[in-house]
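Step one of this worksheet: look at the structure below.
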Amino acid sequence: MSDNNRSRSITQGVARSPNRAMLRAVGFGDSDFEKPIVGVANGHSNMNPCNAGIQPLVDSAMAALKSAGAMPQVFGTPTVTDGIGMGTEAMKYSLVSREVIADAIETSVNGQAMDGVLVVGGCDKNMPAGMMAMARMNVPGIYVYAGTIKPGKWKGQDLTVVSVFEAVGAYAAGKMSDEDFIGIEKNACPSVGACGGMYTANTMSSSFEALGMSLLGSSQMASPDPEKADSSAASAKVLVNAIRKNIRARDVITRKSIENAVALVMATGGSTNAVLHYLAIASAAEVKWTLDDFERVRRKTPVLCNLKPSGQYVAVDFHRAGGVPQVLKMLLVNGVLNGDCMTITGRTMADELAGIPDAPRADQDVIRPWNNPMYAKGHLAILKGNLSPEGCVAKITGLKQTFITGPARVFNSEPDCMQAIMAKKIKPGDVLVIRYEGPRGGPGMQEMLAPTSALIGQGLGDSVGLITDGRFSGGTWGMVVGHVSPEAYEGGTIALVKEGDSVTISAEKLLVQLNVPEKEIAARRAKWKQPAPRYTRGLLAKYMRLVSTASIGAITDGPASASPVAAKKSASAKSAKKTSTVKKTSTAKKAPVAKKKKRPAAKKAGKKK
């Protein structure tokens with residue numbers, strides 16, 4: 001196969017002379033039309049620290065691609081950051097941006113017939129979006145993470161942006177001085193790079209190493225450090241080799257490699273958002289993967305890493321301690337990792353890990369030995385029950401108790417709940433229910449970092465439960481249950497909870513339950529009416545029409561049946577067809593009678609002939 005098999009359609013032959021003329025204007029010479037054209041999806045933006053350090057990485061990749069014999073073509077991708085939009089109407093665009101970025105990459109790469117793509121991104125949704133696009137198109141691709149932020153410092157303590165969110169609750173409760181509140185805000189984010197704990201950005205970037213779509217050791221480097229740009233250049237060279245060997249995304253992204261990625265998420269104490277994103281990535285790659293698979297992997301994977309938000313250390317500490325390669329090698333030697341999976345380098349995962357020690361160094365406490373983990377089983381549990389028959393996600397580590405039954409405190413939006421928390425109206429033993437924040441109801445599944453952090457700041461993290469059809473930040477911890485499906489906007493049971501109802505969350509029993517008789521629930525359901533959509537035009541309205549339930553990833557490009565709107569239309573069409581069939585059947589039964597009545601006339605007509 002030619003190195004430029006895809007791009008030949010726009011560069012070769014007499015009829016493509018106008019196409020070549022356009023390419024000559026951006027630097028192509030006579031010999032360049034035989035080279036592979038490689039897209040560089042550039043997420044650089046000074047809108048947020050996560051993406052503000054990307055341009056040097058792109059420049060490094062572009063130079064390496066050219067030196068490796070490829071023709072790079074850079075294009076921009078949009079980004080939003082959760083940390084800036086959090087707690088406001090802007091946050092509705094966060095998860096939506098995942099779909100927009102994936103569509104933008106697909107549009108550019110396929111619209112210009114590129115032979116491969118190197119994606120560079122920083123903030124949370126950049127990662128799954130890029131992987132979804134590569135999986136959809138099934139072209140050779142590699143992911144380059146922008147890198148993590150360095151920890152802030154205040155009075156000898158490491159800070160991340162989550163420290164500021166938690167300070168809000170503590171300050172509001174009168175537990176923090178003005179000096180500390182302002183000091184934490186001013187010192188939490190000292191450099192460019194994505195949020196520093198094992199939050200969503202670092203969760204997804206580290207899991208891409210396990211997936212085989214990023215270079216080993218690259219995901220926890222600090223964004224400003226020279227090694228990050230060097231890693232970008234090395235990634236570019238690997239990609240050119242993958243194009244020449246025709247190693248495509250779906251050769252790497254398989255059911256077994258997704259299992260590896262999820263095991264890494266569990267072992268590192270990663271974000272609940274990884275559940276949503278790997279459902280979407282699997283769908284894009286057309287790999288069978290369900291919520292039940294997460295639970296299967298959780299049961300066999302210990303939490304090995306002492307990382308924020310549930311632990312003590314930040315990403316740069318993890319990197320110095322051996323990082324993702326060390327954890328992967330421990331998973332491999334203990335029978336949890338699929339070592340035969342292909343990586344984008346062309347070598348297997350086992351080959352890639354051959355030089356990594358079997359056990360972590362004794363002089364660090366970030367990565368625990370296999371026989372002394374943080375927790376014996378993974379931290380992301382899939383709960384089911386009458387409140388979420390399709391399944392939902394709970395983060396169950398770092399808690400003093402993993403069971404609560406208490407009175408429901410019901411809120412129809414995140415801001416309403418936040419207002420109650422700040423007014424100190426929430427008491428120990430309460431179970432907060434935040435609804436109409438799901439994929440369609442929100443729309444966009446806002447993250448609940450503001451309320452969960454405020455609860456922690458007020459000292460209620462272990463004594464208050466929270467259930468939502470929205471989602472959580474990777475920085476969230478506590479007795480929290482998200483992604484409840486079906487969501488309230490679709491008439492899920494969460495829409496039927498009343499103030500004061502008894503609600504149970506049990507991590508041990510994997511249960512989320514409304515303790516109300518089924519007859520009463522049915523009566524409430526009969527009276528429930530879907531609220532008017534919050535948006536009727538623009539991107540959010542379009543997203544509402546297309547997005548699926550969270551239990552299959554909140555995707556917009558799946559089969560038509562994945563969209564609630566399409567499903568309802570399909571159901572209506574089936575109903576209409578059924579009605580039509582019944583009418584035809586009824587007419588058919590009467591037809592023989594009608595024929596008998598007409599027979600004499602037909603005979604007379606025959607005699608006239």
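Just so we're on the same page: first chain in the structure tokens is A, next is B, and so on; residues restart at 1 for each chain, and ligands are numbered from 1 in the order they show up.
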Check region 197-358 of chain A with DSSP on the backbone and list each residue it calls strand (DSSP E or B), as a VMD selection string. chain A and resid 222 303 305 307 313 342 348
If you count only C-alpha atoms, which residues fall within 6 Å of Pro140 (chain A), apart from same-chain ones fewer than 4 positions away, as a list in words? Gly116, Ile243, Ile247, Arg248 and Ala249 of chain A
Just write the chosen residues, N, CA and C atoms, as a PDB file, in the first residue's frame.
```pdb
ATOM      1  N   GLY A 116      -3.294  10.399   7.778  1.00  0.00           N
ATOM      2  CA  GLY A 116      -3.225  10.107   9.198  1.00  0.00           C
ATOM      3  C   GLY A 116      -3.401  11.387   9.979  1.00  0.00           C
ATOM      4  N   ILE A 243       1.701   4.963   9.471  1.00  0.00           N
ATOM      5  CA  ILE A 243       1.101   5.201   8.149  1.00  0.00           C
ATOM      6  C   ILE A 243       1.754   4.287   7.120  1.00  0.00           C
ATOM      7  N   ILE A 247      -0.946   0.798  10.034  1.00  0.00           N
ATOM      8  CA  ILE A 247      -1.515   0.473  11.349  1.00  0.00           C
ATOM      9  C   ILE A 247      -2.574   1.525  11.647  1.00  0.00           C
ATOM     10  N   ARG A 248      -3.809   1.113  11.612  1.00  0.00           N
ATOM     11  CA  ARG A 248      -4.911   2.073  11.766  1.00  0.00           C
ATOM     12  C   ARG A 248      -5.522   2.002  13.166  1.00  0.00           C
ATOM     13  N   ALA A 249      -6.351   2.981  13.450  1.00  0.00           N
ATOM     14  CA  ALA A 249      -6.895   3.135  14.810  1.00  0.00           C
ATOM     15  C   ALA A 249      -7.577   1.864  15.309  1.00  0.00           C
TER      16      ALA A 249
END
```
Within 12 Å of Ala362 (chain A), counting only C-alpha atoms, which residues show up once you throw out same-chain ones fewer than 6 positions away? Write them as number ranges by chain, please. A: 321-322, 368-369
Would you pick out the contacts of region 456-460 of chain A at 9 Å or less, using only C-alpha atoms, so that residues sharing its chain but fewer than 6 positions from it are not included, and give the list as a count of residues only? 18
Residue set, region 96-315 of chain A restricted to helix (DSSP H, G or I), as a ChimeraX atom specification: /A:96-111,126-137,161-172,178-187,200-211,226-245,249-252,255-268,273-284,291-300,315
Near Ala188 (chain A), within 9 Å and counting only C-alpha atoms, which residues show up once chain neighbours fewer than 6 positions away are dropped, as number ranges by chain? A: 151-154, 158-164
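Here CA of Met22 (chain A) and CA of Met71 (chain A) stand 14.3 Å from one another.
The residue that comes closest to Met479 (chain A), out of A:Asp430, A:Glu499, A:Glu447, A:Glu227 and on the basis of only C-alpha atoms, is A:Asp430.
Residues surrounding Gly87 (chain A) within 9 Å are Gly83, Ile84, Ala90, Met91, Glu414, Pro415, Met418, Gln446, Glu447, Met448, Leu449, Ala450 and Pro451 of chain A [only C-alpha atoms; sequence separation below 3 positions excluded].
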Just how far from CA of Val366 (chain A) is CA of Val252 (chain A), in Å to one decimal?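 These atoms are spaced 29.1 Å apart.
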Excluding Asn338 (chain A) and residues on its chain fewer than 6 positions from it, collect all residues at most 9 Å away from it, counting only C-alpha atoms, and give them as a list in words.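 Answer for this query is Lys256, Ser257, Glu259, Asn260, Leu331, Leu332, Met349 and Ala350 of chain A.
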